[in-house]
>>> print(open('start.pdb').read())   # PDB, C-alpha atoms
ATOM      1  CA  MET A 198     -24.716   6.680  23.812
ATOM      2  CA  SER A 199     -28.278   6.130  22.692
ATOM      3  CA  GLU A 200     -29.195   6.203  19.002
ATOM      4  CA  ARG A 201     -31.584   9.059  19.437
ATOM      5  CA  ASN A 202     -29.020  11.208  21.231
ATOM      6  CA  LEU A 203     -26.442  10.466  18.619
ATOM      7  CA  ASN A 204     -28.790  11.430  15.775
ATOM      8  CA  ASP A 205     -29.625  14.684  17.553
ATOM      9  CA  TRP A 206     -25.946  15.453  18.051
ATOM     10  CA  VAL A 207     -25.160  14.816  14.380
ATOM     11  CA  ARG A 208     -28.123  16.897  13.183
ATOM     12  CA  GLN A 209     -27.213  19.792  15.468
ATOM     13  CA  ALA A 210     -23.585  19.651  14.365
ATOM     14  CA  HIS A 211     -24.614  19.827  10.703
ATOM     15  CA  GLU A 212     -27.084  22.648  11.328
ATOM     16  CA  SER A 213     -24.715  24.808  13.333
ATOM     17  CA  ASN A 214     -21.597  23.753  11.387
ATOM     18  CA  ASN A 215     -20.031  23.168  14.800
ATOM     19  CA  TYR A 216     -18.678  19.676  15.326
ATOM     20  CA  ASP A 217     -16.980  20.352  18.657
ATOM     21  CA  PRO A 218     -19.741  18.837  20.820
ATOM     22  CA  LEU A 219     -19.551  15.631  18.769
ATOM     23  CA  LEU A 220     -15.785  15.459  19.259
ATOM     24  CA  GLN A 221     -15.970  16.415  22.930
ATOM     25  CA  MET A 222     -18.152  13.359  23.599
ATOM     26  CA  VAL A 223     -15.231  11.056  22.838
ATOM     27  CA  PRO A 224     -12.512  11.085  25.528
ATOM     28  CA  TYR A 225      -9.816   9.739  23.169
ATOM     29  CA  ALA A 226     -10.587  12.477  20.599
ATOM     30  CA  ARG A 227     -10.195  15.052  23.401
ATOM     31  CA  LEU A 228      -6.949  13.452  24.560
ATOM     32  CA  ILE A 229      -5.161  13.790  21.221
ATOM     33  CA  GLY A 230      -7.122  16.948  20.291
ATOM     34  CA  ILE A 231      -9.059  16.177  17.085
ATOM     35  CA  GLU A 232     -10.974  19.005  15.396
ATOM     36  CA  CYS A 233     -13.159  18.977  12.339
ATOM     37  CA  LEU A 234     -14.265  21.481   9.763
ATOM     38  CA  ARG A 235     -16.880  21.239   7.050
ATOM     39  CA  LEU A 236     -16.078  22.897   3.729
ATOM     40  CA  GLY A 237     -19.184  22.537   1.600
ATOM     41  CA  ASP A 238     -19.661  18.830   1.075
ATOM     42  CA  GLU A 239     -16.158  18.052   2.233
ATOM     43  CA  MET A 240     -15.081  17.271   5.747
ATOM     44  CA  VAL A 241     -11.533  18.006   6.821
ATOM     45  CA  PHE A 242     -10.183  16.796  10.150
ATOM     46  CA  ARG A 243      -7.373  18.556  11.973
ATOM     47  CA  LEU A 244      -4.985  17.370  14.642
ATOM     48  CA  PRO A 245      -3.298  20.499  16.049
ATOM     49  CA  SER A 246       0.345  20.094  17.026
ATOM     50  CA  ASN A 247       0.575  18.936  20.610
ATOM     51  CA  LYS A 248       3.716  17.971  22.544
ATOM     52  CA  ASP A 249       1.893  15.087  24.172
ATOM     53  CA  ASN A 250       1.424  13.437  20.761
ATOM     54  CA  ILE A 251       5.149  13.202  20.055
ATOM     55  CA  GLY A 252       6.789   9.802  19.654
ATOM     56  CA  ASN A 253      10.370  10.127  18.411
ATOM     57  CA  PRO A 254      11.758  13.164  20.300
ATOM     58  CA  THR A 255      14.878  13.679  18.157
ATOM     59  CA  LEU A 256      13.101  14.818  14.963
ATOM     60  CA  PRO A 257      10.651  15.514  16.719
ATOM     61  CA  ALA A 258       7.910  13.427  15.101
ATOM     62  CA  LEU A 259       4.346  12.576  16.021
ATOM     63  CA  HIS A 260       3.835   9.062  17.326
ATOM     64  CA  GLY A 261       2.702   6.819  14.476
ATOM     65  CA  GLY A 262      -0.020   5.423  16.710
ATOM     66  CA  VAL A 263      -1.470   8.914  17.225
ATOM     67  CA  ILE A 264      -1.531   9.502  13.460
ATOM     68  CA  ALA A 265      -3.306   6.146  13.060
ATOM     69  CA  GLY A 266      -5.761   6.906  15.877
ATOM     70  CA  PHE A 267      -6.507  10.306  14.354
ATOM     71  CA  MET A 268      -7.163   8.723  10.936
ATOM     72  CA  GLU A 269      -9.310   5.943  12.381
ATOM     73  CA  HIS A 270     -11.432   8.416  14.301
ATOM     74  CA  ALA A 271     -11.725  10.681  11.244
ATOM     75  CA  ALA A 272     -13.011   7.704   9.206
ATOM     76  CA  MET A 273     -15.527   6.791  11.890
ATOM     77  CA  LEU A 274     -16.834  10.367  12.190
ATOM     78  CA  HIS A 275     -16.976  10.784   8.440
ATOM     79  CA  LEU A 276     -19.180   7.686   8.174
ATOM     80  CA  LEU A 277     -21.347   8.824  11.048
ATOM     81  CA  MET A 278     -21.900  12.258   9.500
ATOM     82  CA  PHE A 279     -22.435  11.397   5.854
ATOM     83  CA  MET A 280     -23.876   7.935   5.769
ATOM     84  CA  GLY A 281     -26.816   8.490   8.058
ATOM     85  CA  SER A 282     -25.780   5.547  10.221
ATOM     86  CA  PRO A 283     -27.947   5.754  13.315
ATOM     87  CA  HIS A 284     -25.185   4.361  15.536
ATOM     88  CA  LEU A 285     -21.435   4.490  15.972
ATOM     89  CA  PRO A 286     -19.653   2.419  13.316
ATOM     90  CA  LYS A 287     -17.461  -0.310  14.834
ATOM     91  CA  ILE A 288     -13.942  -0.863  13.584
ATOM     92  CA  ILE A 289     -13.248  -4.262  11.955
ATOM     93  CA  ASP A 290      -9.746  -3.717  10.624
ATOM     94  CA  PHE A 291      -7.346  -0.860  10.029
ATOM     95  CA  SER A 292      -4.305  -0.767   7.762
ATOM     96  CA  ILE A 293      -1.913   2.176   7.505
ATOM     97  CA  ASP A 294       1.076   2.990   5.288
ATOM     98  CA  TYR A 295       3.473   5.592   6.627
ATOM     99  CA  LEU A 296       4.903   7.625   3.752
ATOM    100  CA  ARG A 297       6.742  10.501   5.408
ATOM    101  CA  ALA A 298       7.700  11.576   8.900
ATOM    102  CA  GLY A 299       4.814  13.235  10.731
ATOM    103  CA  HIS A 300       6.506  16.379  11.964
ATOM    104  CA  TYR A 301       5.597  18.340  15.061
ATOM    105  CA  ARG A 302       2.997  20.520  13.347
ATOM    106  CA  ASP A 303      -0.702  20.456  12.472
ATOM    107  CA  THR A 304      -1.913  17.357  10.650
ATOM    108  CA  PHE A 305      -4.996  17.084   8.424
ATOM    109  CA  ALA A 306      -7.067  14.152   7.216
ATOM    110  CA  ALA A 307      -9.785  13.607   4.634
ATOM    111  CA  CYS A 308     -11.825  10.472   3.984
ATOM    112  CA  GLN A 309     -13.343   8.710   1.020
ATOM    113  CA  VAL A 310     -16.075   6.114   1.458
ATOM    114  CA  TRP A 311     -15.435   3.641  -1.343
ATOM    115  CA  ARG A 312     -18.306   1.371  -0.486
ATOM    116  CA  GLN A 313     -21.043   1.248   2.054
ATOM    117  CA  GLY A 314     -23.064  -1.920   2.116
ATOM    118  CA  ARG A 315     -25.822  -2.714   4.561
ATOM    119  CA  ARG A 316     -23.415  -4.306   7.018
ATOM    120  CA  VAL A 317     -19.907  -3.106   6.245
ATOM    121  CA  ALA A 318     -18.321   0.113   4.986
ATOM    122  CA  ASN A 319     -14.898   0.567   3.397
ATOM    123  CA  VAL A 320     -13.198   3.927   4.003
ATOM    124  CA  ALA A 321      -9.892   5.301   2.735
ATOM    125  CA  VAL A 322      -8.150   8.048   4.698
ATOM    126  CA  THR A 323      -5.347  10.382   3.654
ATOM    127  CA  ALA A 324      -3.320  12.428   6.138
ATOM    128  CA  TRP A 325      -1.063  15.353   5.266
ATOM    129  CA  GLN A 326       0.681  18.310   6.873
ATOM    130  CA  THR A 327       1.952  21.057   4.565
ATOM    131  CA  ASN A 328       0.635  19.848   1.228
ATOM    132  CA  GLN A 329      -2.311  17.567   0.519
ATOM    133  CA  THR A 330      -0.505  16.112  -2.505
ATOM    134  CA  GLU A 331       2.320  14.905  -0.250
ATOM    135  CA  PRO A 332       0.537  12.698   2.278
ATOM    136  CA  ILE A 333       2.368  11.566   5.410
ATOM    137  CA  ALA A 334       0.165   8.455   5.624
ATOM    138  CA  THR A 335      -2.650   6.657   3.857
ATOM    139  CA  ALA A 336      -4.981   4.195   5.544
ATOM    140  CA  ARG A 337      -7.938   2.005   4.732
ATOM    141  CA  CYS A 338     -10.407   0.527   7.143
ATOM    142  CA  HIS A 339     -13.599  -1.482   7.400
ATOM    143  CA  PHE A 340     -16.397  -0.661   9.804
ATOM    144  CA  LYS A 341     -19.398  -2.664  10.842
ATOM    145  CA  VAL A 342     -22.426  -0.401  10.384
ATOM    146  CA  ASP A 343     -25.395  -2.738  10.834
ATOM    147  CA  GLU A 344     -26.133  -2.946  14.542
ATOM    148  CA  PRO A 345     -26.083  -0.751  17.654
TER     149      PRO A 345
ATOM    150  CA  MET B 252      11.801 -13.987  33.177
ATOM    151  CA  SER B 253      13.012 -11.029  31.132
ATOM    152  CA  ASP B 254      16.524 -10.781  29.741
ATOM    153  CA  PRO B 255      18.095  -7.937  31.821
ATOM    154  CA  VAL B 256      20.015  -6.368  28.907
ATOM    155  CA  ILE B 257      17.028  -6.441  26.543
ATOM    156  CA  LEU B 258      14.664  -5.315  29.315
ATOM    157  CA  GLU B 259      16.823  -2.269  30.099
ATOM    158  CA  ARG B 260      17.117  -1.406  26.401
ATOM    159  CA  THR B 261      13.366  -1.637  25.767
ATOM    160  CA  GLN B 262      12.564   0.365  28.910
ATOM    161  CA  ARG B 263      14.952   3.099  27.805
ATOM    162  CA  PHE B 264      13.422   3.083  24.309
ATOM    163  CA  LEU B 265       9.884   3.389  25.710
ATOM    164  CA  SER B 266      10.878   6.181  28.098
ATOM    165  CA  PHE B 267      11.900   8.364  25.113
ATOM    166  CA  LEU B 268       8.421   8.275  23.597
ATOM    167  CA  ARG B 269       6.419  11.095  25.112
ATOM    168  CA  HIS B 270       2.982   9.972  23.969
ATOM    169  CA  CYS B 271       3.609   6.525  25.493
ATOM    170  CA  GLN B 272       4.444   8.227  28.795
ATOM    171  CA  VAL B 273       1.183  10.173  28.551
ATOM    172  CA  LEU B 274      -0.665   6.860  28.165
ATOM    173  CA  GLY B 275       1.330   5.350  31.055
ATOM    174  CA  MET B 276       2.687   2.445  29.038
ATOM    175  CA  ARG B 277       5.200   0.126  30.725
ATOM    176  CA  VAL B 278       7.411  -2.782  29.722
ATOM    177  CA  GLU B 279       5.974  -5.948  31.182
ATOM    178  CA  ARG B 280       8.465  -8.451  29.806
ATOM    179  CA  ALA B 281      11.266  -8.463  27.250
ATOM    180  CA  ASP B 282      13.583 -11.166  26.005
ATOM    181  CA  ARG B 283      15.002 -12.543  22.774
ATOM    182  CA  THR B 284      11.628 -14.041  21.788
ATOM    183  CA  GLY B 285       9.595 -10.848  22.017
ATOM    184  CA  LEU B 286       8.239  -7.918  23.965
ATOM    185  CA  THR B 287       5.161  -7.386  26.123
ATOM    186  CA  LEU B 288       3.950  -3.870  26.981
ATOM    187  CA  ARG B 289       1.110  -2.865  29.285
ATOM    188  CA  LEU B 290      -1.403  -0.102  28.496
ATOM    189  CA  PRO B 291      -3.201   0.846  31.736
ATOM    190  CA  TYR B 292      -6.961   1.309  31.472
ATOM    191  CA  SER B 293      -7.924   4.961  31.693
ATOM    192  CA  GLU B 294     -11.078   6.965  31.056
ATOM    193  CA  ASN B 295      -8.991   9.231  28.817
ATOM    194  CA  ILE B 296      -8.571   6.601  26.109
ATOM    195  CA  VAL B 297     -12.201   5.524  25.908
ATOM    196  CA  SER B 298     -14.236   5.924  22.718
ATOM    197  CA  ASP B 299     -17.700   5.999  24.313
ATOM    198  CA  PRO B 300     -18.089   6.994  27.988
ATOM    199  CA  GLU B 301     -21.311   4.961  28.231
ATOM    200  CA  THR B 302     -19.668   1.667  27.361
ATOM    201  CA  GLY B 303     -16.132   2.421  28.600
ATOM    202  CA  ILE B 304     -14.665   0.651  25.568
ATOM    203  CA  ILE B 305     -11.088   1.650  24.711
ATOM    204  CA  HIS B 306     -10.671   3.544  21.426
ATOM    205  CA  GLY B 307      -8.979   1.695  18.559
ATOM    206  CA  GLY B 308      -6.456   4.520  18.327
ATOM    207  CA  ALA B 309      -5.059   3.712  21.773
ATOM    208  CA  ILE B 310      -4.828   0.015  20.846
ATOM    209  CA  THR B 311      -3.054   0.985  17.595
ATOM    210  CA  THR B 312      -0.598   3.134  19.557
ATOM    211  CA  LEU B 313       0.059   0.237  21.936
ATOM    212  CA  MET B 314       0.657  -2.166  19.053
ATOM    213  CA  ASP B 315       2.706   0.226  16.897
ATOM    214  CA  THR B 316       4.937   0.799  19.918
ATOM    215  CA  THR B 317       5.111  -2.879  20.882
ATOM    216  CA  CYS B 318       5.961  -3.977  17.334
ATOM    217  CA  GLY B 319       8.438  -1.091  16.926
ATOM    218  CA  ILE B 320      10.310  -1.733  20.176
ATOM    219  CA  SER B 321      10.219  -5.515  19.662
ATOM    220  CA  THR B 322      12.933  -4.856  17.057
ATOM    221  CA  ALA B 323      15.224  -4.226  20.042
ATOM    222  CA  CYS B 324      14.664  -7.872  21.053
ATOM    223  CA  ALA B 325      15.974  -9.177  17.729
ATOM    224  CA  LEU B 326      18.830  -6.768  16.951
ATOM    225  CA  PRO B 327      22.273  -6.811  18.596
ATOM    226  CA  GLU B 328      22.197  -3.051  19.203
ATOM    227  CA  LEU B 329      19.500  -0.426  19.632
ATOM    228  CA  GLU B 330      18.250   0.922  16.302
ATOM    229  CA  ILE B 331      15.358   3.322  15.737
ATOM    230  CA  CYS B 332      13.196   1.679  13.092
ATOM    231  CA  PRO B 333      10.348   3.807  11.685
ATOM    232  CA  THR B 334       7.077   2.079  10.876
ATOM    233  CA  LEU B 335       6.523   1.310   7.188
ATOM    234  CA  ASP B 336       3.062  -0.118   7.616
ATOM    235  CA  LEU B 337       0.797  -1.625  10.211
ATOM    236  CA  ARG B 338      -2.403  -3.644   9.996
ATOM    237  CA  ILE B 339      -4.753  -4.379  12.877
ATOM    238  CA  ASP B 340      -7.629  -6.864  12.845
ATOM    239  CA  TYR B 341     -10.058  -6.446  15.720
ATOM    240  CA  MET B 342     -11.367  -9.705  17.173
ATOM    241  CA  HIS B 343     -13.616  -8.105  19.800
ATOM    242  CA  PRO B 344     -13.742  -4.891  21.868
ATOM    243  CA  ALA B 345     -11.538  -4.535  24.931
ATOM    244  CA  GLU B 346     -13.256  -5.140  28.266
ATOM    245  CA  PRO B 347     -13.678  -1.868  30.233
ATOM    246  CA  ASN B 348     -11.640  -1.262  33.415
ATOM    247  CA  HIS B 349      -8.961  -3.780  32.501
ATOM    248  CA  ASP B 350      -5.444  -3.056  31.282
ATOM    249  CA  VAL B 351      -4.451  -4.132  27.782
ATOM    250  CA  PHE B 352      -1.234  -5.988  26.992
ATOM    251  CA  GLY B 353       0.560  -5.926  23.680
ATOM    252  CA  PHE B 354       2.878  -8.741  22.655
ATOM    253  CA  ALA B 355       5.045  -8.589  19.518
ATOM    254  CA  GLU B 356       7.848 -10.591  17.958
ATOM    255  CA  CYS B 357      10.084 -10.156  14.926
ATOM    256  CA  TYR B 358       9.634 -13.074  12.559
ATOM    257  CA  ARG B 359      12.031 -11.925   9.858
ATOM    258  CA  VAL B 360      14.978  -9.542  10.015
ATOM    259  CA  THR B 361      16.640  -8.374   6.791
ATOM    260  CA  PRO B 362      19.253  -5.616   6.310
ATOM    261  CA  THR B 363      16.518  -3.166   5.268
ATOM    262  CA  VAL B 364      13.229  -4.340   6.787
ATOM    263  CA  ILE B 365      12.033  -6.068   9.961
ATOM    264  CA  PHE B 366       8.733  -7.957   9.858
ATOM    265  CA  THR B 367       6.838  -8.102  13.133
ATOM    266  CA  ARG B 368       3.572  -9.587  14.318
ATOM    267  CA  GLY B 369       1.700  -9.519  17.572
ATOM    268  CA  VAL B 370      -1.510  -9.518  19.537
ATOM    269  CA  ALA B 371      -3.327  -7.229  21.949
ATOM    270  CA  TYR B 372      -5.002  -9.067  24.830
ATOM    271  CA  GLN B 373      -6.373  -8.637  28.329
ATOM    272  CA  ARG B 374      -6.885 -11.755  30.451
ATOM    273  CA  ASP B 375      -5.609 -14.415  28.074
ATOM    274  CA  ILE B 376      -3.119 -14.136  25.215
ATOM    275  CA  ASN B 377      -4.989 -16.981  23.505
ATOM    276  CA  GLU B 378      -8.113 -14.820  23.313
ATOM    277  CA  PRO B 379      -6.682 -11.688  21.714
ATOM    278  CA  ILE B 380      -8.695  -8.519  21.203
ATOM    279  CA  ALA B 381      -6.611  -7.768  18.095
ATOM    280  CA  HIS B 382      -4.051  -9.313  15.754
ATOM    281  CA  VAL B 383      -1.335  -7.105  14.286
ATOM    282  CA  VAL B 384       1.343  -7.254  11.604
ATOM    283  CA  GLY B 385       3.802  -4.455  10.939
ATOM    284  CA  ALA B 386       6.898  -3.819   8.846
ATOM    285  CA  PHE B 387       9.664  -1.560  10.108
ATOM    286  CA  MET B 388      12.528   0.029   8.230
ATOM    287  CA  ARG B 389      16.190  -0.230   9.233
ATOM    288  CA  MET B 390      18.006   3.042   8.750
ATOM    289  CA  GLY B 391      21.503   1.549   8.470
ATOM    290  CA  ARG B 392      24.603   2.084  10.549
ATOM    291  CA  GLY B 393      25.436   5.582  11.757
ATOM    292  CA  LYS B 394      22.181   6.966  10.405
ATOM    293  CA  GLN B 395      20.099   6.904  13.528
ATOM    294  CA  GLY B 396      17.573   9.524  14.391
ATOM    295  CA  GLY B 397      18.643  12.431  12.220
ATOM    296  CA  ALA B 398      18.484  12.929   8.477
ATOM    297  CA  ALA B 399      17.845   9.297   7.612
ATOM    298  CA  ALA B 400      14.838   9.004   9.872
ATOM    299  CA  GLU B 401      13.655  12.264   8.361
ATOM    300  CA  GLU B 402      13.438  10.653   4.939
ATOM    301  CA  ARG B 403      10.757   8.262   5.825
ATOM    302  CA  GLY B 404       8.391   6.959   8.410
ATOM    303  CA  ALA B 405       6.566   8.360  11.339
ATOM    304  CA  GLY B 406       6.357   5.564  13.852
ATOM    305  CA  ALA B 407       7.746   4.924  17.275
TER     306      ALA B 407
END
>>> encode(input="start.pdb", output="structure tokens")
Amino acid sequence: MSERNLNDWVRQAHESNNYDPLLQMVPYARLIGIECLRLGDEMVFRLPSNKDNIGNPTLPALHGGVIAGFMEHAAMLHLLMFMGSPHLPKIIDFSIDYLRAGHYRDTFAACQVWRQGRRVANVAVTAWQTNQTEPIATARCHFKVDEP
Amino acid sequence: MSDPVILERTQRFLSFLRHCQVLGMRVERADRTGLTLRLPYSENIVSDPETGIIHGGAITTLMDTTCGISTACALPELEICPTLDLRIDYMHPAEPNHDVFGFAECYRVTPTVIFTRGVAYQRDINEPIAHVVGAFMRMGRGKQGGAAAEERGAGA
């Protein structure tokens, strides 16, 4: 999508506090069902429970890849919304530690930008379900932010 | 040529995983040396409709699954091994309208942990779109699926 469009979308989302249109633009975000909510200066991402996101059926547990995809997309959106990047950040690497089973229920994620340089940004992501102090996974990733 | 016993085992494993069925993933090849899965190109897994580039999340799901099921190539019997950690390095974006393959192998098997590595590629395995390493936990005998898997891990 063009830079100008993207900037308009981000501005409108901030103004209306409605991030749905921004999420609806991304087919993968629609597929797994990502939502996002702004609480003051904080952004919380939500992945509502969805049968199609299940991996291990016996627990049942969410597929680890879906949890990772949710966290990666949350990090990318967080950068896009707070860092004033005029274009979509591009993923360089992504590393995830799974701490607990991701049960078949709603999952949340919050991001922390530890460093944004001119070319690269480093973002940490935490995902939880019932209690933010008991994360189901933590991840860190680098994005390229310097060119369209 | 795939090993028929390992192929059947990996196909059965993959068929259990609902999200992988949603993505249409299939076993391409499986033998003692490793596993190859195919992720069909689809507009549903794209990150930007204008470019048609596949979202990193779908590539991560492919590689988490490939690394996770590759444990079935190295173990004498089927074990469900939750993912401990996974790291993906992106070499370049996937080419639109082409399927993605994931290859993974186990390079170290211990009684508690299995270390795997692999690549995601399209036309040529020697020009990967991503490199991956992942560690998987062994739950121990007679502890499959239930309480033990509950303790830890979320993966395939």
>>> resolve_selection(input="start.pdb", expression="the PyMOL selection byres ((chain A and resi 243-249) around 7)", output="ChimeraX atom specification")
/A:230-233,241-242,250-251,301-306 /B:269-270,273
>>> residues_around(input="start.pdb", residues="region 310-327 of chain A", least_positions_apart="3", cutoff="7 Å", atoms="all atoms listed in the file", output="list in words")
Met268, Ala272, Asp303, Thr304, Phe305, Ala306, Ala307, Glu331, Pro332, Ile333, Ala334, Thr335, Ala336, Arg337, Cys338, His339, Phe340, Lys341, Val342 and Asp343 of chain A
>>> resolve_selection(input="start.pdb", expression="the PyMOL selection byres ((chain A and resi 259) around 8)", output="list in words")
Asn250, Ile251, Gly252, Asn253, Pro257, Ala258, His260, Gly261, Val263, Ile264, Ala298, Gly299, His300 and Tyr301 of chain A; Ala405 and Gly406 of chain B
>>> resolve_selection(input="start.pdb", expression="the PyMOL selection byres ((chain B and resi 304-320) around 8)", output="PyMOL selection string")
(chain A and resi 225+260-263+265-267+269-270+288) or (chain B and resi 261+264-265+276+286-288+290+292+296-300+302-303+321-324+332-334+337+339+344-347+353-357+367-371+383+385+387+406-407)
>>> atom_distance(input="start.pdb", atom1="CA of Asp238 (chain A)", atom2="CA of Ser292 (chain A)")
25.8 Å
>>> atom_distance(input="start.pdb", atom1="CA of Leu268 (chain B)", atom2="CA of Gln221 (chain A)")
25.7 Å
>>> atom_distance(input="start.pdb", atom1="CA of Met273 (chain A)", atom2="CA of Asn295 (chain B)")
18.3 Å
>>> closest_residue(input="start.pdb", among="B:Val278, B:Met342, B:Val351, B:Val364", to="chain A", atoms="all atoms listed in the file")
B:Met342
>>> axis_aligned_box(input="start.pdb", around="region 378-388 of chain B", padding_each_side="6 Å", output="AutoDock Vina command-line options")
--center_x 1.9 --center_y -7.4 --center_z 15.8 --size_x 33.2 --size_y 26.8 --size_z 27.1
>>> residues_around(input="start.pdb", residues="Ile365 (chain B)", least_positions_apart="4", cutoff="8 Å", atoms="only C-alpha atoms", output="list in words")
Thr322, Cys357, Tyr358, Arg359, Val360, Thr361, Ala386, Phe387, Met388 and Arg389 of chain B
>>> closest_residue(input="start.pdb", among="B:Asp350, B:Glu294, B:Glu378, B:Glu328", to="chain A", atoms="all atoms listed in the file")
B:Glu294
>>> closest_residue(input="start.pdb", among="A:Leu296, A:Leu285, A:Leu203, A:Leu274", to="chain B", atoms="all atoms listed in the file")
A:Leu296
>>> closest_residue(input="start.pdb", among="B:Ser293, B:Thr284, B:Gln262, B:Asn377", to="Leu228 (chain A)", atoms="only C-alpha atoms")
B:Ser293
>>> closest_residue(input="start.pdb", among="A:Pro286, A:Pro224, A:Gly281, A:Gly237", to="chain B", atoms="all atoms listed in the file")
A:Pro224
>>> closest_residue(input="start.pdb", among="B:Ile376, B:Ile257, B:Leu329, B:Leu274", to="chain A", atoms="all atoms listed in the file")
B:Leu274
>>> decode(input="start.pdb", residues="region 277-342 of chain B", atoms="C-alpha atoms", output="tab-separated table (two decimals), in the first residue's frame")
chain	number	residue	atom	x	y	z
B	277	ARG	CA	0.97	-31.21	3.28
B	278	VAL	CA	3.88	-33.57	3.79
B	279	GLU	CA	6.10	-33.44	0.74
B	280	ARG	CA	8.81	-35.85	1.83
B	281	ALA	CA	9.84	-37.60	5.03
B	282	ASP	CA	12.68	-39.94	5.87
B	283	ARG	CA	15.31	-40.51	8.54
B	284	THR	CA	17.28	-37.43	7.43
B	285	GLY	CA	14.45	-34.91	7.75
B	286	LEU	CA	11.04	-33.63	6.79
B	287	THR	CA	9.74	-31.38	4.03
B	288	LEU	CA	6.30	-29.75	4.27
B	289	ARG	CA	4.51	-27.66	1.66
B	290	LEU	CA	2.56	-24.47	2.46
B	291	PRO	CA	0.33	-23.65	-0.54
B	292	TYR	CA	0.25	-20.00	-1.60
B	293	SER	CA	-3.04	-18.37	-0.67
B	294	GLU	CA	-4.34	-14.81	-0.56
B	295	ASN	CA	-5.44	-15.50	3.02
B	296	ILE	CA	-1.88	-15.60	4.36
B	297	VAL	CA	-0.63	-12.44	2.67
B	298	SER	CA	0.59	-9.45	4.68
B	299	ASP	CA	-0.02	-6.77	2.04
B	300	PRO	CA	-2.57	-7.37	-0.75
B	301	GLU	CA	-0.70	-4.94	-3.03
B	302	THR	CA	2.53	-6.91	-3.00
B	303	GLY	CA	1.09	-10.40	-2.34
B	304	ILE	CA	3.98	-11.16	0.02
B	305	ILE	CA	3.29	-13.95	2.53
B	306	HIS	CA	3.10	-12.85	6.17
B	307	GLY	CA	5.96	-13.90	8.45
B	308	GLY	CA	3.43	-15.50	10.77
B	309	ALA	CA	2.48	-18.08	8.14
B	310	ILE	CA	6.17	-18.83	7.50
B	311	THR	CA	6.71	-19.19	11.27
B	312	THR	CA	3.76	-21.60	11.48
B	313	LEU	CA	5.20	-23.62	8.59
B	314	MET	CA	8.62	-23.78	10.23
B	315	ASP	CA	7.38	-24.43	13.78
B	316	THR	CA	5.36	-27.33	12.39
B	317	THR	CA	8.16	-28.63	10.17
B	318	CYS	CA	10.72	-28.51	12.99
B	319	GLY	CA	8.22	-30.01	15.46
B	320	ILE	CA	7.19	-32.92	13.24
B	321	SER	CA	10.78	-33.52	12.10
B	322	THR	CA	11.24	-35.03	15.58
B	323	ALA	CA	9.18	-37.96	14.26
B	324	CYS	CA	11.98	-38.59	11.72
B	325	ALA	CA	14.59	-39.02	14.45
B	326	LEU	CA	12.66	-40.85	17.19
B	327	PRO	CA	11.75	-44.55	17.15
B	328	GLU	CA	8.14	-43.83	18.14
B	329	LEU	CA	5.77	-40.90	17.80
B	330	GLU	CA	6.18	-38.37	20.61
B	331	ILE	CA	4.47	-34.99	20.93
B	332	CYS	CA	7.26	-32.52	21.61
B	333	PRO	CA	6.18	-28.97	22.52
B	334	THR	CA	8.27	-26.09	21.22
B	335	LEU	CA	10.68	-24.57	23.74
B	336	ASP	CA	11.94	-21.84	21.46
B	337	LEU	CA	12.20	-20.94	17.82
B	338	ARG	CA	14.27	-18.38	15.93
B	339	ILE	CA	13.73	-17.32	12.34
B	340	ASP	CA	16.10	-15.22	10.24
B	341	TYR	CA	14.54	-13.82	7.08
B	342	MET	CA	16.83	-13.82	4.05
